[in-house]
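**Student:** Below is the file final-v3.cif, with mmCIF, C-alpha atoms.
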data_input
loop_
_atom_site.label_atom_id
_atom_site.label_comp_id
_atom_site.auth_asym_id
_atom_site.auth_seq_id
_atom_site.Cartn_x
_atom_site.Cartn_y
_atom_site.Cartn_z
CA MET H 76 117.61 78.89 82.35
CA LYS H 77 119.92 81.50 83.79
CA ILE H 78 118.62 83.48 86.78
CA LEU H 79 120.17 86.62 88.24
CA LEU H 80 119.67 87.24 91.96
CA VAL H 81 119.99 90.91 92.88
CA GLN H 82 121.15 91.85 96.39
CA PRO H 83 121.42 95.65 96.47
CA PRO H 84 123.69 97.12 99.14
CA HIS H 85 121.12 99.61 100.42
CA TRP H 86 117.33 100.02 100.56
CA SER H 87 115.75 103.42 100.06
CA PRO H 88 112.20 104.50 100.92
CA ASP H 89 112.30 106.10 97.47
CA GLY H 90 111.37 103.28 95.08
CA HIS H 91 112.73 105.17 92.08
CA ALA H 92 116.16 105.30 93.76
CA ASN H 93 116.05 101.54 94.28
CA PHE H 94 115.23 100.87 90.63
CA ASP H 95 117.94 103.30 89.51
CA ALA H 96 120.45 101.37 91.63
CA VAL H 97 119.28 98.01 90.24
CA GLU H 98 119.61 99.26 86.67
CA ALA H 99 123.20 100.27 87.37
CA LEU H 100 123.98 96.91 89.01
CA LEU H 101 122.64 94.92 86.05
CA GLY H 102 124.77 96.70 83.47
CA GLY H 103 126.74 94.12 81.46
CA PHE H 104 124.81 91.10 82.74
CA SER H 105 122.69 88.80 80.61
CA GLY H 106 120.35 85.94 81.40
CA ASP H 107 116.74 84.83 81.29
CA VAL H 108 115.16 86.14 84.48
CA VAL H 109 116.06 88.73 87.13
CA LEU H 110 114.79 88.42 90.70
CA LEU H 111 114.59 91.61 92.78
CA PRO H 112 114.18 91.75 96.57
CA GLU H 113 110.97 92.59 98.39
CA LEU H 114 109.95 96.27 98.50
CA ALA H 115 112.25 97.29 95.68
CA GLY H 116 109.43 99.64 94.75
CA SER H 117 108.89 100.80 98.35
CA SER H 118 105.61 102.78 98.27
CA LEU H 119 105.63 103.89 94.64
CA PRO H 120 102.18 104.43 93.14
CA ARG H 121 101.03 101.32 91.28
CA ALA H 122 101.41 102.87 87.84
CA ASP H 123 104.96 104.06 88.59
CA TYR H 124 105.96 100.69 90.01
CA LEU H 125 104.64 98.76 87.01
CA ALA H 126 106.36 101.18 84.65
CA ARG H 127 109.72 100.74 86.39
CA VAL H 128 109.53 96.94 86.35
CA ARG H 129 108.53 96.95 82.68
CA GLU H 130 111.31 99.39 81.75
CA LEU H 131 113.86 97.24 83.59
CA ALA H 132 112.71 94.11 81.74
CA VAL H 133 112.80 95.74 78.32
CA GLY H 134 116.06 97.55 79.01
CA SER H 135 117.86 94.48 80.32
CA GLY H 136 116.41 92.06 77.77
CA MET H 137 115.38 89.70 80.59
CA ALA H 138 112.17 88.82 82.37
CA VAL H 139 111.99 90.65 85.70
CA VAL H 140 110.33 89.55 88.93
CA GLY H 141 110.01 93.03 90.37
CA GLY H 142 110.25 92.44 94.09
CA SER H 143 107.23 94.31 95.44
CA HIS H 144 105.80 97.60 96.66
CA TYR H 145 103.01 98.70 98.95
CA ASP H 146 99.92 99.10 96.82
CA GLY H 147 97.71 100.67 99.46
CA PRO H 148 97.36 98.10 102.26
CA VAL H 149 98.72 95.18 100.20
CA ASN H 150 102.34 94.15 99.55
CA ARG H 151 102.20 93.41 95.82
CA GLY H 152 104.56 92.74 92.90
CA ALA H 153 104.63 92.01 89.19
CA VAL H 154 106.52 90.05 86.53
CA PHE H 155 107.22 91.36 83.02
CA ASP H 156 108.90 89.44 80.21
CA ALA H 157 111.76 90.84 78.14
CA GLY H 158 109.31 92.22 75.58
CA GLY H 159 107.41 94.23 78.16
CA THR H 160 104.38 91.94 78.53
CA LEU H 161 102.87 91.63 81.99
CA LEU H 162 103.05 87.94 82.96
CA LEU H 163 101.87 87.97 86.57
CA GLU H 164 100.77 90.08 89.50
CA TYR H 165 101.29 88.55 92.95
CA ASP H 166 100.54 89.49 96.57
CA LYS H 167 102.05 88.75 99.95
CA VAL H 168 99.61 86.40 101.65
CA HIS H 169 101.23 86.37 105.10
CA PRO H 170 102.34 89.85 106.21
CA TYR H 171 103.76 89.83 109.73
CA GLY H 172 105.35 91.91 112.47
CA LEU H 173 105.89 95.53 111.49
CA GLU H 174 103.68 95.11 108.42
CA LEU H 175 100.69 94.01 110.46
CA ARG H 176 101.23 96.82 112.95
CA SER H 177 101.33 99.22 110.00
CA GLY H 178 97.99 98.05 108.64
CA ILE H 179 99.22 95.85 105.79
CA ARG H 180 96.59 93.23 104.96
CA PRO H 181 96.93 89.71 103.53
CA GLY H 182 96.74 89.51 99.75
CA ARG H 183 95.57 86.74 97.47
CA PRO H 184 97.63 83.72 96.32
CA SER H 185 98.86 83.95 92.73
CA ALA H 186 98.73 81.35 89.98
CA GLY H 187 102.36 81.58 88.88
CA PHE H 188 103.57 82.03 85.31
CA GLU H 189 105.34 80.24 82.48
CA LEU H 190 108.64 81.22 80.91
CA ALA H 191 110.36 79.27 78.13
CA GLY H 192 107.99 76.38 78.73
CA ARG H 193 108.79 76.15 82.45
CA ARG H 194 106.42 76.75 85.38
CA LEU H 195 107.59 79.40 87.84
CA HIS H 196 105.93 80.59 91.03
CA VAL H 197 106.51 83.67 93.20
CA LEU H 198 106.24 83.73 97.01
CA LEU H 199 106.85 87.00 98.82
CA CYS H 200 109.28 86.61 101.72
CA ALA H 201 107.45 85.03 104.70
CA ASP H 202 105.06 83.18 102.36
CA LEU H 203 107.89 80.67 101.84
CA TRP H 204 107.59 79.69 105.50
CA TYR H 205 104.15 78.19 104.89
CA SER H 206 104.33 74.90 103.02
CA ALA H 207 100.63 75.26 102.25
CA SER H 208 101.66 78.03 99.85
CA LEU H 209 102.96 75.31 97.52
CA ALA H 210 100.54 72.49 98.31
CA GLY H 211 98.77 71.22 95.20
CA ARG H 212 101.26 72.95 92.90
CA ASP H 213 103.22 69.88 91.83
CA GLY H 214 105.50 70.27 88.84
CA LEU H 215 106.82 73.75 89.59
CA ASP H 216 110.25 74.22 88.07
CA ALA H 217 111.32 77.13 90.28
CA VAL H 218 109.98 79.09 93.22
CA LEU H 219 111.18 82.70 93.20
CA VAL H 220 111.23 84.54 96.53
CA PRO H 221 111.70 88.31 96.84
CA ALA H 222 112.68 88.83 100.49
CA PHE H 223 113.41 91.55 103.04
CA SER H 224 114.64 89.38 105.89
CA VAL H 225 114.45 91.66 108.92
CA THR H 226 115.80 89.85 111.96
CA ARG H 227 115.77 90.24 115.75
CA TRP H 228 118.99 88.24 116.15
CA ASP H 229 122.29 89.90 117.01
CA GLY H 230 123.84 89.45 113.57
CA PRO H 231 122.71 87.77 110.34
CA ALA H 232 123.98 84.20 110.91
CA PRO H 233 120.98 82.64 112.74
CA ALA H 234 118.41 83.98 110.27
CA ARG H 235 120.58 82.89 107.35
CA THR H 236 120.74 79.37 108.74
CA LEU H 237 116.97 79.24 109.15
CA TRP H 238 116.36 80.55 105.64
CA GLN H 239 118.83 78.11 104.12
CA HIS H 240 117.24 75.14 105.86
CA MET H 241 113.74 76.32 104.92
CA SER H 242 114.70 76.89 101.29
CA VAL H 243 116.33 73.47 100.95
CA ALA H 244 113.36 71.78 102.65
CA ARG H 245 110.92 73.41 100.23
CA ALA H 246 113.16 72.60 97.26
CA TYR H 247 113.47 68.92 98.17
CA GLU H 248 109.85 68.37 99.21
CA PHE H 249 108.40 70.02 96.13
CA MET H 250 111.21 68.96 93.75
CA THR H 251 111.92 72.46 92.52
CA TYR H 252 114.60 75.13 92.62
CA VAL H 253 114.08 77.86 95.23
CA ALA H 254 115.73 81.20 94.51
CA VAL H 255 115.80 84.02 97.06
CA SER H 256 116.78 87.65 96.52
CA ASP H 257 117.26 89.77 99.62
CA TRP H 258 118.89 93.05 100.56
CA HIS H 259 122.47 93.15 101.85
CA HIS H 260 122.76 92.37 105.56
CA GLU H 261 123.88 95.92 106.38
CA THR H 262 120.52 97.24 105.17
CA THR H 263 117.85 98.25 107.68
CA TYR H 264 114.10 98.70 107.38
CA HIS H 265 112.77 101.32 109.81
CA GLY H 266 115.58 100.44 112.20
CA HIS H 267 115.28 96.67 111.81
CA PRO H 268 118.43 94.95 110.46
CA CYS H 269 118.35 92.68 107.42
CA ALA H 270 119.96 89.23 107.38
CA GLY H 271 121.01 89.07 103.71
CA VAL H 272 119.66 85.61 102.85
CA THR H 273 120.11 85.71 99.06
CA GLY H 274 120.85 82.32 97.50
CA LEU H 275 119.69 79.30 95.53
CA ALA H 276 118.39 75.99 96.94
CA ASN H 277 119.01 73.06 94.61
CA PRO H 278 117.13 69.79 95.29
CA CYS H 279 119.48 67.71 93.14
CA PRO H 280 123.06 69.04 93.41
CA GLN H 281 126.03 67.15 92.04
CA THR H 282 127.91 67.37 95.36
CA HIS H 283 126.82 67.18 98.99
CA ASP H 284 127.61 70.84 99.63
CA GLY H 285 125.52 72.12 96.73
CA PHE H 286 122.06 72.12 98.32
CA PHE H 287 122.32 75.85 98.98
CA THR H 288 124.55 78.42 97.31
CA GLY H 289 124.81 81.81 98.99
CA PRO H 290 124.79 84.42 100.25
CA PRO H 291 126.90 85.97 97.49
CA ASP H 292 129.75 88.42 97.95
CA GLU H 293 128.63 90.50 94.97
CA PRO H 294 125.33 92.38 94.52
CA VAL H 295 124.41 90.29 91.45
CA SER H 296 124.84 86.51 91.42
CA VAL H 297 124.16 84.30 88.39
CA HIS H 298 122.80 80.76 88.64
CA GLU H 299 122.09 78.19 85.94
CA LEU H 300 118.94 76.14 86.54
CA ASP H 301 119.55 72.68 85.09
CA PHE H 302 116.04 71.53 84.26
CA GLY H 303 117.26 68.35 82.58
CA ARG H 304 118.81 67.25 85.87
CA LEU H 305 115.68 68.36 87.75
CA ASP H 306 113.46 66.26 85.45
CA ALA H 307 115.70 63.23 86.00
CA PHE H 308 115.56 63.79 89.77
CA ARG H 309 111.77 63.81 89.67
CA SER H 310 111.67 60.63 87.60
CA ASP H 311 114.02 58.89 90.02
CA ARG H 312 111.91 59.91 93.02
CA ALA H 313 108.75 58.66 91.28
CA ASP H 314 110.45 55.34 90.53
CA ARG H 315 111.32 55.01 94.23
CA GLY H 316 107.75 55.69 95.34
CA PHE H 317 108.00 59.29 96.41
CA ARG H 318 105.17 61.75 95.74
CA ALA H 319 105.08 62.62 92.05
#
Can the structure from this file be put into structure tokens for me?
**Tutor:**
Amino acid sequence: MKILLVQPPHWSPDGHANFDAVEALLGGFSGDVVLLPELAGSSLPRADYLARVRELAVGSGMAVVGGSHYDGPVNRGAVFDAGGTLLLEYDKVHPYGLELRSGIRPGRPSAGFELAGRRLHVLLCADLWYSASLAGRDGLDAVLVPAFSVTRWDGPAPARTLWQHMSVARAYEFMTYVAVSDWHHETTYHGHPCAGVTGLANPCPQTHDGFFTGPPDEPVSVHELDFGRLDAFRSDRADRGFRA
């Protein structure tokens, strides 16, 4: 399965502008699934947000995990397949910081979705930081994380390190790929800088330096998820007595 991680250079409070920019970035790319960053839809009305995610999926010929938007007091997103069918709606369960001060409320955990016979799950940004978000969900093939990694550090490096360690820990513990799409580190959200933590955590790389790949130099990065190798990794861990 080929996944495209989108890291736009700028965030706009106009969700339509963000989707227009993503459409331009994806021109000429092909794959199976596109992952957008958190709040790609900003505060678009629900109907407009769903229409833009669906149009992007149909127009690109790929399934699209549409980041999210503020649907009233809930940070919420959606997944459409390449044919325009709604596969999943998901909420942010752990809003924090500026969101909480702005009245954003916790949403409900989602069930995940299937694509090409593989089980995929979406966690919105800070939800990845809670291992309970994945507890009892054994057998996930990939965890997809739309992020907007605002940071209080002076520069993106510390937050990137934390995100990379967290992503690899989740990938190895739950024997799954973890893909994160974030905004570019020069982006700000209401004056708060972004860290630009886009990348892929691989629990079973072929070399010691392959546990995390990212952040990318380009706004669109392409990653091949080797599920055959992942299945073999799981079998080996089961043989050695690790949790199945």
**Student:** Give the answer as one residue: which of H:Pro233, H:Gly134, H:Gly271, H:Gly142 has the shortest atom-to-atom distance to Gly90 in chain H, using all atoms listed in the file?
**Tutor:**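 Smallest distance to Gly90 in chain H is found for H:Gly142.
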**Student:** How close does range 193-236 of chain H get to range 160-178 of chain H? List, as a tab-separated table, each residue of range 193-236 of chain H within 7 Å, its nearest atom pair and the distance in Å to one decimal, counting all atoms listed in the file.
**Tutor:**
residue	atom	partner	partner_atom	distance
H:Leu199	CA	H:Lys167	CA	5.2
H:Ala201	CA	H:His169	CA	6.4
H:Asp202	CA	H:His169	CA	5.7
**Student:** At a cut-off of 12 Å, can you tabulate as CSV every residue of range 189-235 of chain H near range 305-308 of chain H together with its closest atom pair and the distance in Å to one decimal, using all atoms listed in the file and ordering rows by chain then number?
**Tutor:**
residue,atom,partner,partner_atom,distance
H:Arg193,CA,H:Asp306,CA,11.3
H:Gly214,CA,H:Asp306,CA,9.5
H:Leu215,CA,H:Leu305,CA,10.5
H:Asp216,CA,H:Leu305,CA,8.0
H:Ala217,CA,H:Leu305,CA,10.1
**Student:** Counting only C-alpha atoms, give me one row per residue of range 204-264 of chain H with an atom at most 8 Å from an atom of range 100-119 of chain H, showing the shortest contact pair and its distance in Å to one decimal, sorted by chain then residue number, as JSON lines.
**Tutor:**
{"residue": "H:Leu219", "atom": "CA", "partner": "H:Leu110", "partner_atom": "CA", "distance": 7.2}
{"residue": "H:Val220", "atom": "CA", "partner": "H:Pro112", "partner_atom": "CA", "distance": 7.8}
{"residue": "H:Pro221", "atom": "CA", "partner": "H:Pro112", "partner_atom": "CA", "distance": 4.2}
{"residue": "H:Ala222", "atom": "CA", "partner": "H:Glu113", "partner_atom": "CA", "distance": 4.6}
{"residue": "H:Phe223", "atom": "CA", "partner": "H:Glu113", "partner_atom": "CA", "distance": 5.4}
{"residue": "H:Val255", "atom": "CA", "partner": "H:Leu110", "partner_atom": "CA", "distance": 7.8}
{"residue": "H:Ser256", "atom": "CA", "partner": "H:Pro112", "partner_atom": "CA", "distance": 4.9}
{"residue": "H:Asp257", "atom": "CA", "partner": "H:Pro112", "partner_atom": "CA", "distance": 4.8}
{"residue": "H:Trp258", "atom": "CA", "partner": "H:Pro112", "partner_atom": "CA", "distance": 6.3}
**Student:** Would you mind listing what lies within 8 Å of Gly187 in chain H as an MDAnalysis selection string, with all atoms listed in the file counted and same-chain residues fewer than 2 positions away left out?
**Tutor:** chainID H and resid 163 185 189 194:197
**Student:** Go ahead and save the residues from that selection, with C-alpha atoms, as an mmCIF file, in the coordinates of the input.
**Tutor:**
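Written out: part.cif:
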data_model
loop_
_atom_site.group_PDB
_atom_site.id
_atom_site.type_symbol
_atom_site.label_atom_id
_atom_site.label_comp_id
_atom_site.auth_asym_id
_atom_site.auth_seq_id
_atom_site.Cartn_x
_atom_site.Cartn_y
_atom_site.Cartn_z
ATOM 1 C CA LEU H 163 101.870 87.970 86.570
ATOM 2 C CA SER H 185 98.860 83.950 92.730
ATOM 3 C CA GLU H 189 105.340 80.240 82.480
ATOM 4 C CA ARG H 194 106.420 76.750 85.380
ATOM 5 C CA LEU H 195 107.590 79.400 87.840
ATOM 6 C CA HIS H 196 105.930 80.590 91.030
ATOM 7 C CA VAL H 197 106.510 83.670 93.200
#
**Student:** Got a sec: who's within 10 Å of Arg227 in chain H, counting only C-alpha atoms, leaving out chain neighbours fewer than 4 positions off, as a PDB file with C-alpha atoms, in the coordinates of the input?
**Tutor:**
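Output file selection-v2.pdb is given in full below:
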ATOM      1  CA  PRO H 231     122.710  87.770 110.340  1.00  0.00           C
ATOM      2  CA  PRO H 233     120.980  82.640 112.740  1.00  0.00           C
ATOM      3  CA  ALA H 234     118.410  83.980 110.270  1.00  0.00           C
ATOM      4  CA  HIS H 267     115.280  96.670 111.810  1.00  0.00           C
ATOM      5  CA  PRO H 268     118.430  94.950 110.460  1.00  0.00           C
ATOM      6  CA  CYS H 269     118.350  92.680 107.420  1.00  0.00           C
ATOM      7  CA  ALA H 270     119.960  89.230 107.380  1.00  0.00           C
TER       8      ALA H 270
END
**Student:** Write out as a PyMOL selection string the residues lying within 12 Å of range 241-245 of chain H, counting all atoms listed in the file and excluding same-chain residues fewer than 6 positions away.
**Tutor:** chain H and resi 198+200-210+213+215+217-220+234-235+251-256+272-280+284-289
**Student:** Rank H:Ala186, H:Glu293, H:Pro181, H:Ala246 by their smallest atom-to-atom distance to Pro148 in chain H, using all atoms listed in the file, and report the top residue only.
**Tutor:**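 Looking only at the distances to Pro148 in chain H, the closest residue turns out to be H:Pro181.
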**Student:** Which residue, H:Ser224, H:Phe155, H:Asp311, H:Asp146, has the smallest gap to Thr263 in chain H when you use only C-alpha atoms?
**Tutor:**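 Ranking H:Ser224, H:Phe155, H:Asp311, H:Asp146 by distance to Thr263 in chain H, first place goes to H:Ser224.
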**Student:** To one decimal in Å, tell me the separation between CA of Val128 in chain H and CA of Gly141 in chain H.
**Tutor:** 5.6 Å
**Student:** Using only C-alpha atoms, which residues sit within 10 Å of His85 in chain H once same-chain residues fewer than 3 positions away are excluded, as a PDB file with C-alpha atoms, in the frame of the given file?
**Tutor:**
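Result went into around_31.pdb, see below:
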ATOM      1  CA  GLN H  82     121.150  91.850  96.390  1.00  0.00           C
ATOM      2  CA  ASN H  93     116.050 101.540  94.280  1.00  0.00           C
ATOM      3  CA  ALA H  96     120.450 101.370  91.630  1.00  0.00           C
ATOM      4  CA  TRP H 258     118.890  93.050 100.560  1.00  0.00           C
ATOM      5  CA  HIS H 259     122.470  93.150 101.850  1.00  0.00           C
ATOM      6  CA  HIS H 260     122.760  92.370 105.560  1.00  0.00           C
ATOM      7  CA  GLU H 261     123.880  95.920 106.380  1.00  0.00           C
ATOM      8  CA  THR H 262     120.520  97.240 105.170  1.00  0.00           C
ATOM      9  CA  THR H 263     117.850  98.250 107.680  1.00  0.00           C
ATOM     10  CA  TYR H 264     114.100  98.700 107.380  1.00  0.00           C
TER      11      TYR H 264
END
**Student:** With distances taken over all atoms listed in the file, which of H:Phe94, H:Tyr124, H:Trp228, H:Phe317 is nearest to Val81 in chain H?
**Tutor:** H:Phe94
**Student:** When you count all atoms listed in the file, which of these residues is closest to Gly158 in chain H: H:Gln281, H:His265, H:Arg183, H:Glu130?
**Tutor:**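 Nearest to Gly158 in chain H: H:Glu130.
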**Student:** Using 8 Å of padding on each side, determine the axis-aligned box around all atoms of range 178-196 of chain H present in the file and give its centre and edge lengths in Å to one decimal, as AutoDock Vina command-line options.
**Tutor:**
--center_x 103.0 --center_y 87.1 --center_z 93.4 --size_x 30.8 --size_y 37.9 --size_z 46.5
